$ cat data-v5.cif   # mmCIF, N, CA and C atoms
data_my_file
loop_
_atom_site.label_atom_id
_atom_site.label_comp_id
_atom_site.auth_asym_id
_atom_site.auth_seq_id
_atom_site.Cartn_x
_atom_site.Cartn_y
_atom_site.Cartn_z
N MET W 1 27.86 -123.75 94.08
CA MET W 1 28.21 -125.06 94.60
C MET W 1 26.94 -125.74 95.10
N ALA W 2 26.75 -126.98 94.76
CA ALA W 2 25.59 -127.76 95.17
C ALA W 2 25.69 -128.12 96.65
N PHE W 3 24.57 -128.17 97.33
CA PHE W 3 24.53 -128.54 98.73
C PHE W 3 24.93 -129.99 98.91
N ARG W 4 25.80 -130.23 99.88
CA ARG W 4 26.17 -131.59 100.26
C ARG W 4 26.09 -131.68 101.77
N SER W 5 25.25 -132.54 102.27
CA SER W 5 25.11 -132.71 103.71
C SER W 5 26.31 -133.49 104.26
N HIS W 6 26.72 -133.09 105.45
CA HIS W 6 27.78 -133.80 106.17
C HIS W 6 27.22 -134.47 107.42
N MET W 7 25.90 -134.64 107.45
CA MET W 7 25.27 -135.26 108.61
C MET W 7 25.72 -136.70 108.80
N ASP W 8 26.10 -137.37 107.71
CA ASP W 8 26.60 -138.74 107.83
C ASP W 8 27.85 -138.80 108.70
N VAL W 9 28.70 -137.80 108.60
CA VAL W 9 29.92 -137.75 109.41
C VAL W 9 29.54 -137.50 110.88
N ALA W 10 28.59 -136.61 111.10
CA ALA W 10 28.12 -136.35 112.46
C ALA W 10 27.50 -137.62 113.07
N LEU W 11 26.75 -138.36 112.27
CA LEU W 11 26.17 -139.62 112.75
C LEU W 11 27.26 -140.64 113.10
N ASP W 12 28.33 -140.69 112.32
CA ASP W 12 29.47 -141.57 112.64
C ASP W 12 30.06 -141.19 114.00
N GLU W 13 30.18 -139.90 114.25
CA GLU W 13 30.71 -139.43 115.54
C GLU W 13 29.75 -139.79 116.68
N ALA W 14 28.46 -139.69 116.42
CA ALA W 14 27.46 -140.06 117.42
C ALA W 14 27.55 -141.55 117.75
N ARG W 15 27.71 -142.37 116.74
CA ARG W 15 27.85 -143.82 116.95
C ARG W 15 29.10 -144.13 117.77
N ALA W 16 30.19 -143.45 117.46
CA ALA W 16 31.44 -143.64 118.20
C ALA W 16 31.27 -143.20 119.66
N ALA W 17 30.54 -142.12 119.88
CA ALA W 17 30.27 -141.66 121.25
C ALA W 17 29.49 -142.72 122.01
N ALA W 18 28.47 -143.28 121.38
CA ALA W 18 27.67 -144.32 122.02
C ALA W 18 28.53 -145.52 122.39
N ALA W 19 29.45 -145.90 121.51
CA ALA W 19 30.34 -147.03 121.76
C ALA W 19 31.25 -146.77 122.96
N ARG W 20 31.50 -145.50 123.27
CA ARG W 20 32.31 -145.12 124.43
C ARG W 20 31.46 -144.94 125.69
N GLY W 21 30.13 -145.17 125.56
CA GLY W 21 29.25 -144.99 126.70
C GLY W 21 28.74 -143.58 126.88
N GLU W 22 28.98 -142.74 125.88
CA GLU W 22 28.52 -141.35 125.92
C GLU W 22 27.16 -141.24 125.25
N VAL W 23 26.40 -140.20 125.59
CA VAL W 23 25.16 -139.94 124.89
C VAL W 23 25.52 -139.74 123.41
N PRO W 24 24.85 -140.45 122.50
CA PRO W 24 25.25 -140.44 121.09
C PRO W 24 24.88 -139.15 120.35
N VAL W 25 25.76 -138.17 120.48
CA VAL W 25 25.63 -136.91 119.75
C VAL W 25 26.96 -136.66 119.05
N GLY W 26 26.88 -136.30 117.77
CA GLY W 26 28.07 -136.01 117.00
C GLY W 26 27.93 -134.67 116.30
N ALA W 27 29.08 -134.03 116.04
CA ALA W 27 29.07 -132.72 115.39
C ALA W 27 30.25 -132.62 114.42
N VAL W 28 30.04 -131.81 113.38
CA VAL W 28 31.06 -131.61 112.34
C VAL W 28 31.06 -130.14 111.95
N VAL W 29 32.25 -129.56 111.86
CA VAL W 29 32.42 -128.19 111.36
C VAL W 29 32.95 -128.29 109.93
N VAL W 30 32.30 -127.57 109.03
CA VAL W 30 32.63 -127.61 107.60
C VAL W 30 32.97 -126.19 107.12
N ASP W 31 34.07 -126.06 106.40
CA ASP W 31 34.47 -124.73 105.91
C ASP W 31 33.63 -124.31 104.70
N PRO W 32 33.77 -123.06 104.28
CA PRO W 32 32.95 -122.57 103.15
C PRO W 32 33.15 -123.33 101.84
N LYS W 33 34.25 -124.07 101.70
CA LYS W 33 34.49 -124.86 100.48
C LYS W 33 33.92 -126.27 100.59
N GLY W 34 33.35 -126.60 101.75
CA GLY W 34 32.77 -127.92 101.93
C GLY W 34 33.69 -128.95 102.54
N ASN W 35 34.83 -128.52 103.07
CA ASN W 35 35.78 -129.44 103.69
C ASN W 35 35.50 -129.58 105.18
N VAL W 36 35.57 -130.80 105.69
CA VAL W 36 35.42 -131.04 107.12
C VAL W 36 36.70 -130.54 107.80
N VAL W 37 36.51 -129.62 108.73
CA VAL W 37 37.64 -129.03 109.47
C VAL W 37 37.82 -129.71 110.82
N ALA W 38 36.69 -130.09 111.44
CA ALA W 38 36.76 -130.74 112.75
C ALA W 38 35.50 -131.58 112.94
N ARG W 39 35.63 -132.60 113.76
CA ARG W 39 34.52 -133.49 114.06
C ARG W 39 34.70 -134.00 115.47
N ALA W 40 33.59 -134.26 116.15
CA ALA W 40 33.68 -134.73 117.53
C ALA W 40 32.37 -135.37 117.94
N GLY W 41 32.46 -136.19 118.95
CA GLY W 41 31.29 -136.75 119.61
C GLY W 41 31.34 -136.36 121.08
N ASN W 42 30.23 -136.52 121.75
CA ASN W 42 30.18 -136.18 123.17
C ASN W 42 31.30 -136.87 123.93
N ARG W 43 31.88 -136.17 124.91
CA ARG W 43 32.92 -136.72 125.77
C ARG W 43 32.75 -136.25 127.23
N THR W 44 31.52 -135.98 127.63
CA THR W 44 31.31 -135.46 128.98
C THR W 44 31.76 -136.45 130.05
N ARG W 45 31.42 -137.71 129.87
CA ARG W 45 31.79 -138.73 130.87
C ARG W 45 33.28 -139.04 130.79
N GLU W 46 33.76 -139.25 129.58
CA GLU W 46 35.17 -139.60 129.39
C GLU W 46 36.11 -138.51 129.92
N ASP W 47 35.75 -137.25 129.67
CA ASP W 47 36.60 -136.13 130.09
C ASP W 47 36.22 -135.56 131.45
N ASN W 48 35.15 -136.10 132.07
CA ASN W 48 34.64 -135.53 133.32
C ASN W 48 34.47 -134.02 133.18
N ASP W 49 33.78 -133.64 132.10
CA ASP W 49 33.63 -132.23 131.75
C ASP W 49 32.21 -132.00 131.23
N PRO W 50 31.37 -131.32 131.99
CA PRO W 50 30.00 -131.12 131.55
C PRO W 50 29.87 -130.26 130.29
N SER W 51 30.94 -129.57 129.91
CA SER W 51 30.89 -128.75 128.69
C SER W 51 31.40 -129.50 127.47
N ALA W 52 31.79 -130.75 127.61
CA ALA W 52 32.38 -131.50 126.50
C ALA W 52 31.30 -132.08 125.58
N HIS W 53 30.38 -131.22 125.17
CA HIS W 53 29.36 -131.61 124.19
C HIS W 53 30.01 -131.66 122.81
N ALA W 54 29.45 -132.45 121.93
CA ALA W 54 30.01 -132.63 120.58
C ALA W 54 30.22 -131.30 119.87
N GLU W 55 29.22 -130.40 119.93
CA GLU W 55 29.32 -129.11 119.24
C GLU W 55 30.49 -128.30 119.78
N MET W 56 30.59 -128.27 121.11
CA MET W 56 31.63 -127.51 121.78
C MET W 56 33.01 -128.02 121.37
N LEU W 57 33.17 -129.33 121.39
CA LEU W 57 34.46 -129.93 121.05
C LEU W 57 34.83 -129.69 119.58
N ALA W 58 33.86 -129.82 118.69
CA ALA W 58 34.13 -129.61 117.26
C ALA W 58 34.48 -128.14 116.99
N ILE W 59 33.77 -127.22 117.61
CA ILE W 59 34.07 -125.79 117.42
C ILE W 59 35.44 -125.46 117.98
N ARG W 60 35.76 -125.97 119.17
CA ARG W 60 37.09 -125.74 119.77
C ARG W 60 38.19 -126.27 118.85
N ALA W 61 37.99 -127.48 118.33
CA ALA W 61 39.01 -128.09 117.47
C ALA W 61 39.17 -127.31 116.17
N ALA W 62 38.07 -126.85 115.59
CA ALA W 62 38.15 -126.08 114.34
C ALA W 62 38.88 -124.76 114.58
N CYS W 63 38.54 -124.07 115.65
CA CYS W 63 39.20 -122.79 115.95
C CYS W 63 40.70 -123.01 116.19
N ALA W 64 41.03 -124.07 116.92
CA ALA W 64 42.45 -124.36 117.19
C ALA W 64 43.19 -124.70 115.90
N ALA W 65 42.58 -125.52 115.06
CA ALA W 65 43.23 -125.92 113.81
C ALA W 65 43.46 -124.72 112.89
N LEU W 66 42.54 -123.77 112.91
CA LEU W 66 42.63 -122.61 112.02
C LEU W 66 43.33 -121.42 112.66
N GLY W 67 43.56 -121.49 113.96
CA GLY W 67 44.20 -120.39 114.67
C GLY W 67 43.35 -119.13 114.71
N GLN W 68 42.05 -119.31 114.90
CA GLN W 68 41.15 -118.15 114.96
C GLN W 68 40.01 -118.44 115.92
N GLU W 69 39.42 -117.37 116.46
CA GLU W 69 38.36 -117.54 117.45
C GLU W 69 36.97 -117.61 116.85
N ARG W 70 36.82 -117.25 115.60
CA ARG W 70 35.50 -117.24 114.97
C ARG W 70 35.51 -118.08 113.70
N LEU W 71 34.32 -118.53 113.35
CA LEU W 71 34.17 -119.41 112.19
C LEU W 71 33.11 -118.85 111.23
N ALA W 72 33.24 -117.57 110.92
CA ALA W 72 32.29 -116.92 110.01
C ALA W 72 32.31 -117.63 108.66
N GLY W 73 31.13 -117.95 108.14
CA GLY W 73 31.02 -118.64 106.86
C GLY W 73 31.05 -120.15 106.97
N PHE W 74 31.28 -120.68 108.16
CA PHE W 74 31.37 -122.12 108.35
C PHE W 74 30.00 -122.70 108.71
N ASP W 75 29.85 -124.00 108.47
CA ASP W 75 28.62 -124.72 108.80
C ASP W 75 28.90 -125.66 109.96
N LEU W 76 27.86 -125.91 110.75
CA LEU W 76 27.94 -126.89 111.82
C LEU W 76 26.81 -127.88 111.64
N TYR W 77 27.15 -129.16 111.60
CA TYR W 77 26.18 -130.25 111.54
C TYR W 77 26.22 -130.94 112.90
N VAL W 78 25.05 -131.14 113.48
CA VAL W 78 24.98 -131.83 114.77
C VAL W 78 23.74 -132.73 114.77
N THR W 79 23.87 -133.87 115.43
CA THR W 79 22.81 -134.86 115.37
C THR W 79 21.63 -134.58 116.30
N LEU W 80 21.80 -133.64 117.23
CA LEU W 80 20.73 -133.29 118.15
C LEU W 80 20.68 -131.77 118.30
N GLU W 81 19.49 -131.23 118.41
CA GLU W 81 19.33 -129.79 118.62
C GLU W 81 20.25 -129.32 119.75
N PRO W 82 21.08 -128.33 119.49
CA PRO W 82 22.00 -127.85 120.53
C PRO W 82 21.29 -127.31 121.76
N CYS W 83 21.90 -127.53 122.92
CA CYS W 83 21.40 -126.98 124.17
C CYS W 83 21.71 -125.48 124.20
N ALA W 84 21.24 -124.80 125.21
CA ALA W 84 21.46 -123.35 125.32
C ALA W 84 22.95 -123.02 125.40
N MET W 85 23.72 -123.82 126.13
CA MET W 85 25.16 -123.58 126.25
C MET W 85 25.83 -123.64 124.88
N CYS W 86 25.53 -124.67 124.13
CA CYS W 86 26.15 -124.83 122.81
C CYS W 86 25.65 -123.77 121.83
N ALA W 87 24.37 -123.42 121.93
CA ALA W 87 23.85 -122.37 121.05
C ALA W 87 24.58 -121.06 121.31
N GLY W 88 24.89 -120.77 122.56
CA GLY W 88 25.65 -119.57 122.89
C GLY W 88 27.04 -119.58 122.24
N VAL W 89 27.69 -120.72 122.25
CA VAL W 89 29.01 -120.84 121.63
C VAL W 89 28.90 -120.76 120.10
N ILE W 90 27.85 -121.33 119.55
CA ILE W 90 27.62 -121.24 118.10
C ILE W 90 27.48 -119.78 117.69
N ALA W 91 26.74 -119.00 118.48
CA ALA W 91 26.59 -117.57 118.19
C ALA W 91 27.92 -116.85 118.34
N ALA W 92 28.66 -117.14 119.40
CA ALA W 92 29.95 -116.48 119.64
C ALA W 92 30.95 -116.80 118.53
N ALA W 93 30.89 -118.02 118.01
CA ALA W 93 31.81 -118.44 116.94
C ALA W 93 31.39 -117.90 115.58
N ARG W 94 30.18 -117.34 115.50
CA ARG W 94 29.63 -116.78 114.26
C ARG W 94 29.43 -117.83 113.16
N ILE W 95 29.04 -119.04 113.58
CA ILE W 95 28.71 -120.10 112.62
C ILE W 95 27.63 -119.57 111.67
N ALA W 96 27.80 -119.78 110.37
CA ALA W 96 26.86 -119.25 109.38
C ALA W 96 25.57 -120.06 109.30
N ARG W 97 25.71 -121.39 109.28
CA ARG W 97 24.57 -122.27 109.12
C ARG W 97 24.65 -123.43 110.11
N LEU W 98 23.55 -123.66 110.79
CA LEU W 98 23.43 -124.77 111.73
C LEU W 98 22.45 -125.78 111.15
N TYR W 99 22.91 -127.01 111.00
CA TYR W 99 22.06 -128.11 110.55
C TYR W 99 21.98 -129.10 111.71
N TYR W 100 20.77 -129.43 112.14
CA TYR W 100 20.68 -130.46 113.17
C TYR W 100 19.61 -131.47 112.79
N ALA W 101 19.81 -132.69 113.31
CA ALA W 101 18.95 -133.81 112.94
C ALA W 101 17.71 -133.86 113.83
N ALA W 102 17.85 -134.32 115.04
CA ALA W 102 16.72 -134.52 115.94
C ALA W 102 16.45 -133.30 116.80
N SER W 103 15.19 -133.03 117.03
CA SER W 103 14.79 -131.97 117.96
C SER W 103 14.98 -132.48 119.38
N ASP W 104 15.14 -131.55 120.32
CA ASP W 104 15.31 -131.91 121.72
C ASP W 104 14.37 -131.08 122.59
N PRO W 105 13.10 -131.51 122.69
CA PRO W 105 12.13 -130.75 123.48
C PRO W 105 12.51 -130.60 124.95
N LYS W 106 13.30 -131.53 125.48
CA LYS W 106 13.68 -131.50 126.89
C LYS W 106 14.83 -130.52 127.17
N SER W 107 15.87 -130.54 126.34
CA SER W 107 17.07 -129.76 126.64
C SER W 107 17.53 -128.86 125.50
N GLY W 108 16.79 -128.81 124.43
CA GLY W 108 17.20 -127.99 123.29
C GLY W 108 17.20 -126.51 123.63
N GLY W 109 18.02 -125.76 122.92
CA GLY W 109 18.10 -124.32 123.15
C GLY W 109 17.93 -123.51 121.89
N VAL W 110 17.50 -124.16 120.80
CA VAL W 110 17.33 -123.49 119.52
C VAL W 110 15.84 -123.30 119.22
N ALA W 111 15.12 -124.41 119.04
CA ALA W 111 13.69 -124.34 118.76
C ALA W 111 12.87 -124.55 120.03
N HIS W 112 13.51 -125.02 121.08
CA HIS W 112 12.84 -125.29 122.35
C HIS W 112 13.55 -124.53 123.46
N GLY W 113 12.97 -124.56 124.65
CA GLY W 113 13.63 -123.98 125.82
C GLY W 113 14.02 -122.52 125.65
N ALA W 114 15.30 -122.26 125.83
CA ALA W 114 15.81 -120.88 125.84
C ALA W 114 15.70 -120.16 124.50
N ARG W 115 15.67 -120.92 123.42
CA ARG W 115 15.61 -120.32 122.07
C ARG W 115 16.63 -119.18 121.95
N VAL W 116 17.87 -119.54 122.17
CA VAL W 116 18.98 -118.60 122.27
C VAL W 116 19.05 -117.62 121.10
N PHE W 117 18.91 -118.10 119.89
CA PHE W 117 19.08 -117.23 118.72
C PHE W 117 17.94 -116.23 118.56
N ALA W 118 16.80 -116.51 119.16
CA ALA W 118 15.66 -115.60 119.09
C ALA W 118 15.74 -114.50 120.15
N HIS W 119 16.66 -114.66 121.09
CA HIS W 119 16.78 -113.70 122.18
C HIS W 119 17.43 -112.41 121.69
N PRO W 120 16.96 -111.25 122.13
CA PRO W 120 17.55 -109.98 121.68
C PRO W 120 19.03 -109.82 122.02
N GLN W 121 19.50 -110.56 123.04
CA GLN W 121 20.91 -110.46 123.41
C GLN W 121 21.82 -111.35 122.56
N SER W 122 21.26 -112.15 121.69
CA SER W 122 22.09 -113.00 120.83
C SER W 122 22.79 -112.10 119.81
N HIS W 123 24.10 -112.16 119.82
CA HIS W 123 24.90 -111.32 118.92
C HIS W 123 24.91 -111.81 117.48
N HIS W 124 24.53 -113.05 117.29
CA HIS W 124 24.58 -113.64 115.95
C HIS W 124 23.49 -114.71 115.86
N ARG W 125 22.86 -114.78 114.70
CA ARG W 125 21.84 -115.80 114.45
C ARG W 125 22.20 -116.55 113.17
N PRO W 126 22.59 -117.82 113.30
CA PRO W 126 22.90 -118.58 112.09
C PRO W 126 21.62 -118.93 111.35
N GLU W 127 21.76 -119.28 110.09
CA GLU W 127 20.65 -119.90 109.38
C GLU W 127 20.47 -121.28 110.03
N ILE W 128 19.24 -121.69 110.22
CA ILE W 128 18.98 -122.95 110.92
C ILE W 128 18.16 -123.89 110.03
N TYR W 129 18.65 -125.12 109.91
CA TYR W 129 17.98 -126.16 109.14
C TYR W 129 17.87 -127.39 110.03
N ASP W 130 16.67 -127.86 110.28
CA ASP W 130 16.51 -129.01 111.14
C ASP W 130 15.92 -130.19 110.38
N GLY W 131 16.01 -131.35 111.00
CA GLY W 131 15.38 -132.54 110.45
C GLY W 131 16.23 -133.36 109.50
N LEU W 132 17.50 -132.97 109.23
CA LEU W 132 18.35 -133.77 108.35
C LEU W 132 18.70 -135.09 109.05
N ALA W 133 18.36 -136.20 108.47
CA ALA W 133 18.63 -137.54 109.03
C ALA W 133 18.03 -137.68 110.43
N GLU W 134 16.90 -137.05 110.62
CA GLU W 134 16.24 -137.04 111.94
C GLU W 134 15.96 -138.44 112.46
N ALA W 135 15.42 -139.31 111.62
CA ALA W 135 15.07 -140.67 112.05
C ALA W 135 16.31 -141.44 112.49
N ASP W 136 17.42 -141.27 111.79
CA ASP W 136 18.67 -141.96 112.16
C ASP W 136 19.15 -141.49 113.53
N ALA W 137 19.17 -140.18 113.74
CA ALA W 137 19.64 -139.63 115.01
C ALA W 137 18.71 -140.03 116.15
N GLU W 138 17.39 -139.96 115.92
CA GLU W 138 16.45 -140.35 116.96
C GLU W 138 16.60 -141.83 117.30
N GLY W 139 16.84 -142.66 116.28
CA GLY W 139 17.04 -144.09 116.51
C GLY W 139 18.24 -144.37 117.38
N LEU W 140 19.34 -143.68 117.12
CA LEU W 140 20.55 -143.84 117.95
C LEU W 140 20.26 -143.48 119.41
N LEU W 141 19.59 -142.36 119.60
CA LEU W 141 19.28 -141.90 120.96
C LEU W 141 18.32 -142.87 121.66
N ARG W 142 17.30 -143.28 120.95
CA ARG W 142 16.30 -144.18 121.52
C ARG W 142 16.97 -145.51 121.94
N THR W 143 17.79 -146.08 121.06
CA THR W 143 18.48 -147.33 121.36
C THR W 143 19.42 -147.18 122.55
N PHE W 144 20.16 -146.09 122.58
CA PHE W 144 21.11 -145.83 123.67
C PHE W 144 20.38 -145.77 125.02
N PHE W 145 19.33 -144.97 125.09
CA PHE W 145 18.64 -144.79 126.36
C PHE W 145 17.83 -146.02 126.76
N ALA W 146 17.30 -146.77 125.80
CA ALA W 146 16.59 -148.01 126.11
C ALA W 146 17.55 -149.02 126.74
N ALA W 147 18.75 -149.10 126.23
CA ALA W 147 19.78 -150.00 126.78
C ALA W 147 20.17 -149.57 128.19
N ARG W 148 20.22 -148.28 128.45
CA ARG W 148 20.58 -147.78 129.78
C ARG W 148 19.48 -148.09 130.79
N ARG W 149 18.24 -148.11 130.32
CA ARG W 149 17.11 -148.42 131.21
C ARG W 149 16.88 -149.92 131.31
N GLY W 150 17.63 -150.70 130.54
CA GLY W 150 17.48 -152.15 130.57
C GLY W 150 16.28 -152.67 129.82
N LYS W 151 15.82 -151.89 128.83
CA LYS W 151 14.65 -152.33 128.06
C LYS W 151 15.05 -152.80 126.70
#
$ encode --input "data-v5.cif" --output "structure tokens"
Amino acid sequence: MAFRSHMDVALDEARAAAARGEVPVGAVVVDPKGNVVARAGNRTREDNDPSAHAEMLAIRAACAALGQERLAGFDLYVTLEPCAMCAGVIAAARIARLYYAASDPKSGGVAHGARVFAHPQSHHRPEIYDGLAEADAEGLLRTFFAARRGK
């Protein structure tokens, strides 16, 4: 099967999150056949829940829809490098491949900061692909935060 990126769907979720006043991050869970199983954007402010990151919500929704706690063989697309909390859930869910757009030197937990998957206590390490639609994701974030600062 030829590779097909689903980052466009994640970017749509990020745009929808921004429209709701949330930090524009979107995530999509894709099954081994290439079907979108779940999609979400950040909802931390809307839900008053610091764990309501896009990745977390998409993984929860996929597990609920499938009636299973793990997503072995599934892919996760996210517009921003996952934080340490989300990386821990990605490992627990046994996501096969993680695709993310923009790096997050401040709060990332994959290539920056905690580097969760590189830690000896990580029970699972997905294949990691970064930089897909990086400029689009960075542009959304830059525009969102510039507007918040009044610039």
$ resolve_selection --input "data-v5.cif" --expression "the PyMOL selection byres (((chain W and resi 129-140 and name CA) around 9) and name CA)" --output "list in words"
Ser5, Met7, Asp8, Leu11, Ala14, Arg15, Ala18, Pro24, Val25, Thr79, Leu80, Glu81, Arg97, Leu98, Tyr99, Tyr100, Ala101, Ala102, Ser103, Glu127, Ile128, Leu141, Arg142, Thr143, Phe144 and Phe145 of chain W
$ atom_distance --input "data-v5.cif" --atom1 "atom C of Pro120 (chain W)" --atom2 "atom C of Glu69 (chain W)"
20.2 Å
$ resolve_selection --input "data-v5.cif" --expression "the PyMOL selection byres ((chain W and resi 27) around 8)" --output "compact mmCIF listing (two decimals) with N, CA and C atoms, keeping the file's coordinate frame"
# COMPACT_ATOMS: atom_id res chain seq x y z
N HIS W 6 26.72 -133.09 105.45
CA HIS W 6 27.78 -133.80 106.17
C HIS W 6 27.22 -134.47 107.42
N VAL W 9 28.70 -137.80 108.60
CA VAL W 9 29.92 -137.75 109.41
C VAL W 9 29.54 -137.50 110.88
N ALA W 10 28.59 -136.61 111.10
CA ALA W 10 28.12 -136.35 112.46
C ALA W 10 27.50 -137.62 113.07
N LEU W 11 26.75 -138.36 112.27
CA LEU W 11 26.17 -139.62 112.75
C LEU W 11 27.26 -140.64 113.10
N ASP W 12 28.33 -140.69 112.32
CA ASP W 12 29.47 -141.57 112.64
C ASP W 12 30.06 -141.19 114.00
N GLU W 13 30.18 -139.90 114.25
CA GLU W 13 30.71 -139.43 115.54
C GLU W 13 29.75 -139.79 116.68
N ALA W 14 28.46 -139.69 116.42
CA ALA W 14 27.46 -140.06 117.42
C ALA W 14 27.55 -141.55 117.75
N PRO W 24 24.85 -140.45 122.50
CA PRO W 24 25.25 -140.44 121.09
C PRO W 24 24.88 -139.15 120.35
N VAL W 25 25.76 -138.17 120.48
CA VAL W 25 25.63 -136.91 119.75
C VAL W 25 26.96 -136.66 119.05
N GLY W 26 26.88 -136.30 117.77
CA GLY W 26 28.07 -136.01 117.00
C GLY W 26 27.93 -134.67 116.30
N VAL W 28 30.04 -131.81 113.38
CA VAL W 28 31.06 -131.61 112.34
C VAL W 28 31.06 -130.14 111.95
N VAL W 29 32.25 -129.56 111.86
CA VAL W 29 32.42 -128.19 111.36
C VAL W 29 32.95 -128.29 109.93
N VAL W 30 32.30 -127.57 109.03
CA VAL W 30 32.63 -127.61 107.60
C VAL W 30 32.97 -126.19 107.12
N ALA W 38 36.69 -130.09 111.44
CA ALA W 38 36.76 -130.74 112.75
C ALA W 38 35.50 -131.58 112.94
N ARG W 39 35.63 -132.60 113.76
CA ARG W 39 34.52 -133.49 114.06
C ARG W 39 34.70 -134.00 115.47
N ALA W 40 33.59 -134.26 116.15
CA ALA W 40 33.68 -134.73 117.53
C ALA W 40 32.37 -135.37 117.94
N GLY W 41 32.46 -136.19 118.95
CA GLY W 41 31.29 -136.75 119.61
C GLY W 41 31.34 -136.36 121.08
N ASN W 42 30.23 -136.52 121.75
CA ASN W 42 30.18 -136.18 123.17
C ASN W 42 31.30 -136.87 123.93
N HIS W 53 30.38 -131.22 125.17
CA HIS W 53 29.36 -131.61 124.19
C HIS W 53 30.01 -131.66 122.81
N ALA W 54 29.45 -132.45 121.93
CA ALA W 54 30.01 -132.63 120.58
C ALA W 54 30.22 -131.30 119.87
N GLU W 55 29.22 -130.40 119.93
CA GLU W 55 29.32 -129.11 119.24
C GLU W 55 30.49 -128.30 119.78
N MET W 56 30.59 -128.27 121.11
CA MET W 56 31.63 -127.51 121.78
C MET W 56 33.01 -128.02 121.37
N LEU W 57 33.17 -129.33 121.39
CA LEU W 57 34.46 -129.93 121.05
C LEU W 57 34.83 -129.69 119.58
N ALA W 58 33.86 -129.82 118.69
CA ALA W 58 34.13 -129.61 117.26
C ALA W 58 34.48 -128.14 116.99
N ILE W 59 33.77 -127.22 117.61
CA ILE W 59 34.07 -125.79 117.42
C ILE W 59 35.44 -125.46 117.98
N LEU W 76 27.86 -125.91 110.75
CA LEU W 76 27.94 -126.89 111.82
C LEU W 76 26.81 -127.88 111.64
N TYR W 77 27.15 -129.16 111.60
CA TYR W 77 26.18 -130.25 111.54
C TYR W 77 26.22 -130.94 112.90
N VAL W 78 25.05 -131.14 113.48
CA VAL W 78 24.98 -131.83 114.77
C VAL W 78 23.74 -132.73 114.77
N THR W 79 23.87 -133.87 115.43
CA THR W 79 22.81 -134.86 115.37
C THR W 79 21.63 -134.58 116.30
N LEU W 80 21.80 -133.64 117.23
CA LEU W 80 20.73 -133.29 118.15
C LEU W 80 20.68 -131.77 118.30
$ select_by_dssp --input "data-v5.cif" --residues "chain W" --states "helix (DSSP H, G or I)" --output "PyMOL selection string"
chain W and resi 7-19+44-47+54-66+84-93+116-118+134-148
$ atom_distance --input "data-v5.cif" --atom1 "CA of Ala64 (chain W)" --atom2 "atom N of Pro32 (chain W)"
15.6 Å
$ select_by_dssp --input "data-v5.cif" --residues "region 21-108 of chain W" --states "strand (DSSP E)" --output "list in words"
Gly26, Ala27, Val28, Val29, Val30, Val36, Val37, Ala38, Arg39, Ala40, Gly41, Asp75, Leu76, Tyr77, Val78, Thr79, Leu80, Arg97, Leu98, Tyr99, Tyr100, Ala101 and Ala102 of chain W
$ write_last_selection --input "data-v5.cif" --atoms "N, CA and C atoms" --output "short mmCIF file (atom, residue, chain, number, x, y, z; two decimals), keeping the file's coordinate frame"
data_model
loop_
_atom_site.label_atom_id
_atom_site.label_comp_id
_atom_site.auth_asym_id
_atom_site.auth_seq_id
_atom_site.Cartn_x
_atom_site.Cartn_y
_atom_site.Cartn_z
N GLY W 26 26.88 -136.30 117.77
CA GLY W 26 28.07 -136.01 117.00
C GLY W 26 27.93 -134.67 116.30
N ALA W 27 29.08 -134.03 116.04
CA ALA W 27 29.07 -132.72 115.39
C ALA W 27 30.25 -132.62 114.42
N VAL W 28 30.04 -131.81 113.38
CA VAL W 28 31.06 -131.61 112.34
C VAL W 28 31.06 -130.14 111.95
N VAL W 29 32.25 -129.56 111.86
CA VAL W 29 32.42 -128.19 111.36
C VAL W 29 32.95 -128.29 109.93
N VAL W 30 32.30 -127.57 109.03
CA VAL W 30 32.63 -127.61 107.60
C VAL W 30 32.97 -126.19 107.12
N VAL W 36 35.57 -130.80 105.69
CA VAL W 36 35.42 -131.04 107.12
C VAL W 36 36.70 -130.54 107.80
N VAL W 37 36.51 -129.62 108.73
CA VAL W 37 37.64 -129.03 109.47
C VAL W 37 37.82 -129.71 110.82
N ALA W 38 36.69 -130.09 111.44
CA ALA W 38 36.76 -130.74 112.75
C ALA W 38 35.50 -131.58 112.94
N ARG W 39 35.63 -132.60 113.76
CA ARG W 39 34.52 -133.49 114.06
C ARG W 39 34.70 -134.00 115.47
N ALA W 40 33.59 -134.26 116.15
CA ALA W 40 33.68 -134.73 117.53
C ALA W 40 32.37 -135.37 117.94
N GLY W 41 32.46 -136.19 118.95
CA GLY W 41 31.29 -136.75 119.61
C GLY W 41 31.34 -136.36 121.08
N ASP W 75 29.85 -124.00 108.47
CA ASP W 75 28.62 -124.72 108.80
C ASP W 75 28.90 -125.66 109.96
N LEU W 76 27.86 -125.91 110.75
CA LEU W 76 27.94 -126.89 111.82
C LEU W 76 26.81 -127.88 111.64
N TYR W 77 27.15 -129.16 111.60
CA TYR W 77 26.18 -130.25 111.54
C TYR W 77 26.22 -130.94 112.90
N VAL W 78 25.05 -131.14 113.48
CA VAL W 78 24.98 -131.83 114.77
C VAL W 78 23.74 -132.73 114.77
N THR W 79 23.87 -133.87 115.43
CA THR W 79 22.81 -134.86 115.37
C THR W 79 21.63 -134.58 116.30
N LEU W 80 21.80 -133.64 117.23
CA LEU W 80 20.73 -133.29 118.15
C LEU W 80 20.68 -131.77 118.30
N ARG W 97 25.71 -121.39 109.28
CA ARG W 97 24.57 -122.27 109.12
C ARG W 97 24.65 -123.43 110.11
N LEU W 98 23.55 -123.66 110.79
CA LEU W 98 23.43 -124.77 111.73
C LEU W 98 22.45 -125.78 111.15
N TYR W 99 22.91 -127.01 111.00
CA TYR W 99 22.06 -128.11 110.55
C TYR W 99 21.98 -129.10 111.71
N TYR W 100 20.77 -129.43 112.14
CA TYR W 100 20.68 -130.46 113.17
C TYR W 100 19.61 -131.47 112.79
N ALA W 101 19.81 -132.69 113.31
CA ALA W 101 18.95 -133.81 112.94
C ALA W 101 17.71 -133.86 113.83
N ALA W 102 17.85 -134.32 115.04
CA ALA W 102 16.72 -134.52 115.94
C ALA W 102 16.45 -133.30 116.80
#
